[in-house]
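Data first, discussion second: the structure below is written as structure tokens.
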Number of protein chains: 2
Amino acid sequence: MTRYVVEVINVGNELLDGRTVNTNLHWVCGRLSQMGYTVSRATVVRDRLKDITAALAEAIKRRPGWVFVSGGLGPTHDDKTLQAVAKALGKPLMLYEDVVEVLKQRYLMLAQQGVINDPTLTKERLKMARLPMGSKPLRNPAGAAPGILAEKNSVRVVCLPGVPRELMAIFDNEVAPILQKEARGRGFIVESLTVEGVVESKLAPLLVETMKRFPRVYLKSNPKGVEGGVVVVVDFIADKRHRAQLEDALKYFKQSLEKTGKWSR
Amino acid sequence: MTRYVVEVINVGNELLDGRTVNTNLHWVCGRLSQMGYTVSRATVVRDRLKDITAALAEAIKRRPGWVFVSGGLGPTHDDKTLQAVAKALGKPLMLYEDVVEVLKQRYLMLAQQGVINDPTLTKERLKMARLPMGSKPLRNPAGAAPGILAEKNSVRVVCLPGVPRELMAIFDNEVAPILQKEARGRGFIVESLTVEGVVESKLAPLLVETMKRFPRVYLKSNPKGVEGGVVVVVDFIADKRHRAQLEDALKYFKQSLEKTGKWSR
């Protein structure tokens, strides 16, 4: 079942030049996990048409339920995501009159507020209203460029702006309701245990043994920044439906530890 | 020329579940850019053997000069990177006696310091000494798991631990000297200009015009978190060798702006 599997594509040279930390990926993954989706892969590419198109086509081929693309929707020369989506989906770009109207109102408003001098819908501004045919524009309450929702071979493709404030607003207003409906009742629980006094290499057999006894619970250990790794945070992860088994696994793990180390929650 | 092109692969469920921000990517990209390398793509995958192997094989196929892999080198069940590298490179894993010796000394030291009770080289600890045949271990001054340097079809593959402190130490001590030698004289200059009072859509034609006049300079605009995007940071990026052209582009850009907006450096 790949319905609840998501891929993310982040577009932007700044993400690969060490200038910007990819907080959008972190935020989107957090939201999706909470709702019960699993992000299987994220790809970060530069502002190159060829690269964006290839990454998107490859993601669609792996048949996840959703692909989230961020960045490259704006008015400048390096904003190429819509062109890439059109290519990967095999659809032409077409001018959406309703989006033109939204842009017109927006620039008029900005002119009235004195933010800009000239509200003319220039070629660059109109670019943001040229969307892949058949896609649905997603209203941007925090900026000019709309997001889009499209589909190819049953894979839903969502494009969001790279500006975090705009990305978050469109995600929460326009996409989250669809996801929540689709994934109703799903979701993961994560319980973290901080273990002191046992190095990760020593903990390893107990991790495996616990997962063997409680097969619905996944354990992930994260050594923390202490020389020798004597502080290890162990995450216990399970589907909401398996809360009881997660509690049992935690109990078993803590009891087994009592002989060798300390733990705290 | 793909010699100075790098791909990055970050391994770890925590990076795709919204639990950890991918600061390793940011740090590695920063270091590589400073030295004159271009990171063309980054892929983030979960702790699944199949996914890590596929991502690495795909990256190698695109023939970059280097692939940097982070994460998955530790002693626990979810550390699968070395197995994936062995698969993608078509090499068996073999026990490196010199690495066994390093691990032995390390755990003896930790036992003497009272950090651990038992320095025995268990199966889990020995796992970190089983490296793909033909690869070179990279000394880890800050932890147990060594990095590795391998090669396939002239693509250099470097694996580093996911713990940032260990990743940085191995990169700077063992890999940076090789990169610096290879890329001597290369490197990019970035000059940032903060533009106020001109929205990005209005700035767009000037960005294109400047790049047309100064073809060695790449301009990248980043709207900042102000409603309407009236603060835009414009990065002027050029190879070190083209500093003069970058200065000319900056001058031209600022002069053109003087009629419409303000700028500050």
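Residue numbers start at 1 in each chain; chains themselves are named A, B, ... in the order of the structure tokens; ligands are numbered from 1 in the order shown.
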Inset, instruction - Return the neighbours of chain A among the residues of chain B, cut-off 6 Å, counting only C-alpha atoms, as a list in words. - result: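 Using only C-alpha atoms, chain B residues at most 6 Å from chain A: Leu16, Asp17, Gly18, Val21, His26, Cys29, Gly30, Ser33, Val39, Arg41, Ala42, Thr43, Val44, Val45, Pro75, Thr76, Glu124, Arg125, Ser201 and Ala204 of chain B.
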Inset, instruction - Apply DSSP to the structure's backbone, then extract all residues of segment 17-202 of chain B labelled strand (DSSP E) and return them as a ChimeraX atom specification. - result: /B:38-45,66-70,93-95,130-132,136-138,147-152,155-160,188-196
Can I get the selection written as an mmCIF file, in the first residue's frame, with C-alpha atoms?
data_model
loop_
_atom_site.group_PDB
_atom_site.id
_atom_site.type_symbol
_atom_site.label_atom_id
_atom_site.label_comp_id
_atom_site.auth_asym_id
_atom_site.auth_seq_id
_atom_site.Cartn_x
_atom_site.Cartn_y
_atom_site.Cartn_z
ATOM 1 C CA THR B 38 28.849 22.285 -6.828
ATOM 2 C CA VAL B 39 26.390 20.018 -5.051
ATOM 3 C CA SER B 40 23.996 19.002 -7.814
ATOM 4 C CA ARG B 41 21.560 16.911 -5.815
ATOM 5 C CA ALA B 42 20.891 15.633 -2.323
ATOM 6 C CA THR B 43 18.800 12.581 -1.540
ATOM 7 C CA VAL B 44 17.442 11.766 1.904
ATOM 8 C CA VAL B 45 16.431 8.156 2.481
ATOM 9 C CA TRP B 66 32.033 12.575 -5.584
ATOM 10 C CA VAL B 67 29.160 11.126 -3.573
ATOM 11 C CA PHE B 68 29.009 11.938 0.146
ATOM 12 C CA VAL B 69 26.868 9.611 2.248
ATOM 13 C CA SER B 70 26.067 10.452 5.881
ATOM 14 C CA LEU B 93 32.150 -6.738 3.143
ATOM 15 C CA MET B 94 35.341 -7.848 4.811
ATOM 16 C CA LEU B 95 36.784 -7.503 8.277
ATOM 17 C CA ARG B 130 33.387 -4.831 8.241
ATOM 18 C CA LEU B 131 33.952 -2.522 5.260
ATOM 19 C CA PRO B 132 33.419 -2.940 1.520
ATOM 20 C CA LYS B 136 39.877 2.956 2.675
ATOM 21 C CA PRO B 137 38.892 3.473 6.326
ATOM 22 C CA LEU B 138 38.851 7.108 7.481
ATOM 23 C CA GLY B 147 34.277 6.663 7.698
ATOM 24 C CA ILE B 148 35.233 5.120 4.388
ATOM 25 C CA LEU B 149 36.490 6.277 1.008
ATOM 26 C CA ALA B 150 35.699 4.026 -1.954
ATOM 27 C CA GLU B 151 35.486 4.341 -5.715
ATOM 28 C CA LYS B 152 33.262 3.047 -8.499
ATOM 29 C CA VAL B 155 33.157 8.252 -8.790
ATOM 30 C CA ARG B 156 34.612 8.681 -5.306
ATOM 31 C CA VAL B 157 32.218 7.561 -2.554
ATOM 32 C CA VAL B 158 32.748 8.909 0.968
ATOM 33 C CA CYS B 159 30.717 7.642 3.934
ATOM 34 C CA LEU B 160 30.593 9.650 7.142
ATOM 35 C CA PHE B 188 32.933 30.900 -5.617
ATOM 36 C CA ILE B 189 32.370 34.432 -4.430
ATOM 37 C CA VAL B 190 28.939 35.413 -3.195
ATOM 38 C CA GLU B 191 28.001 39.038 -2.624
ATOM 39 C CA SER B 192 24.585 39.731 -1.151
ATOM 40 C CA LEU B 193 22.598 42.883 -1.722
ATOM 41 C CA THR B 194 19.489 43.676 0.301
ATOM 42 C CA VAL B 195 16.944 45.510 -1.823
ATOM 43 C CA GLU B 196 14.085 47.382 -0.209
#
With a distance cut-off of 12 Å and only C-alpha atoms, select the neighbouring residues of Pro177 of chain A, excluding the residue or stretch itself and same-chain residues fewer than 6 positions from it, and output the selection as a compact mmCIF listing (two decimals) with N, CA and C atoms, in the first residue's frame.
# COMPACT_ATOMS: atom_id res chain seq x y z
N ARG A 31 4.55 17.48 9.89
CA ARG A 31 3.11 17.51 9.68
C ARG A 31 2.61 16.18 9.11
N LEU A 32 3.30 15.67 8.11
CA LEU A 32 2.84 14.44 7.45
C LEU A 32 2.92 13.25 8.40
N MET A 35 0.12 13.01 10.82
CA MET A 35 -1.15 12.59 10.21
C MET A 35 -1.13 11.13 9.80
N ILE A 170 -0.38 27.60 2.85
CA ILE A 170 -1.09 26.82 1.82
C ILE A 170 -1.26 25.38 2.27
N PHE A 171 -0.21 24.82 2.89
CA PHE A 171 -0.30 23.44 3.36
C PHE A 171 -1.45 23.30 4.35
N ALA A 183 -6.46 10.11 5.74
CA ALA A 183 -5.69 9.30 6.70
C ALA A 183 -6.38 9.20 8.05
N ARG A 184 -7.68 9.46 8.06
CA ARG A 184 -8.42 9.45 9.33
C ARG A 184 -8.09 8.21 10.16
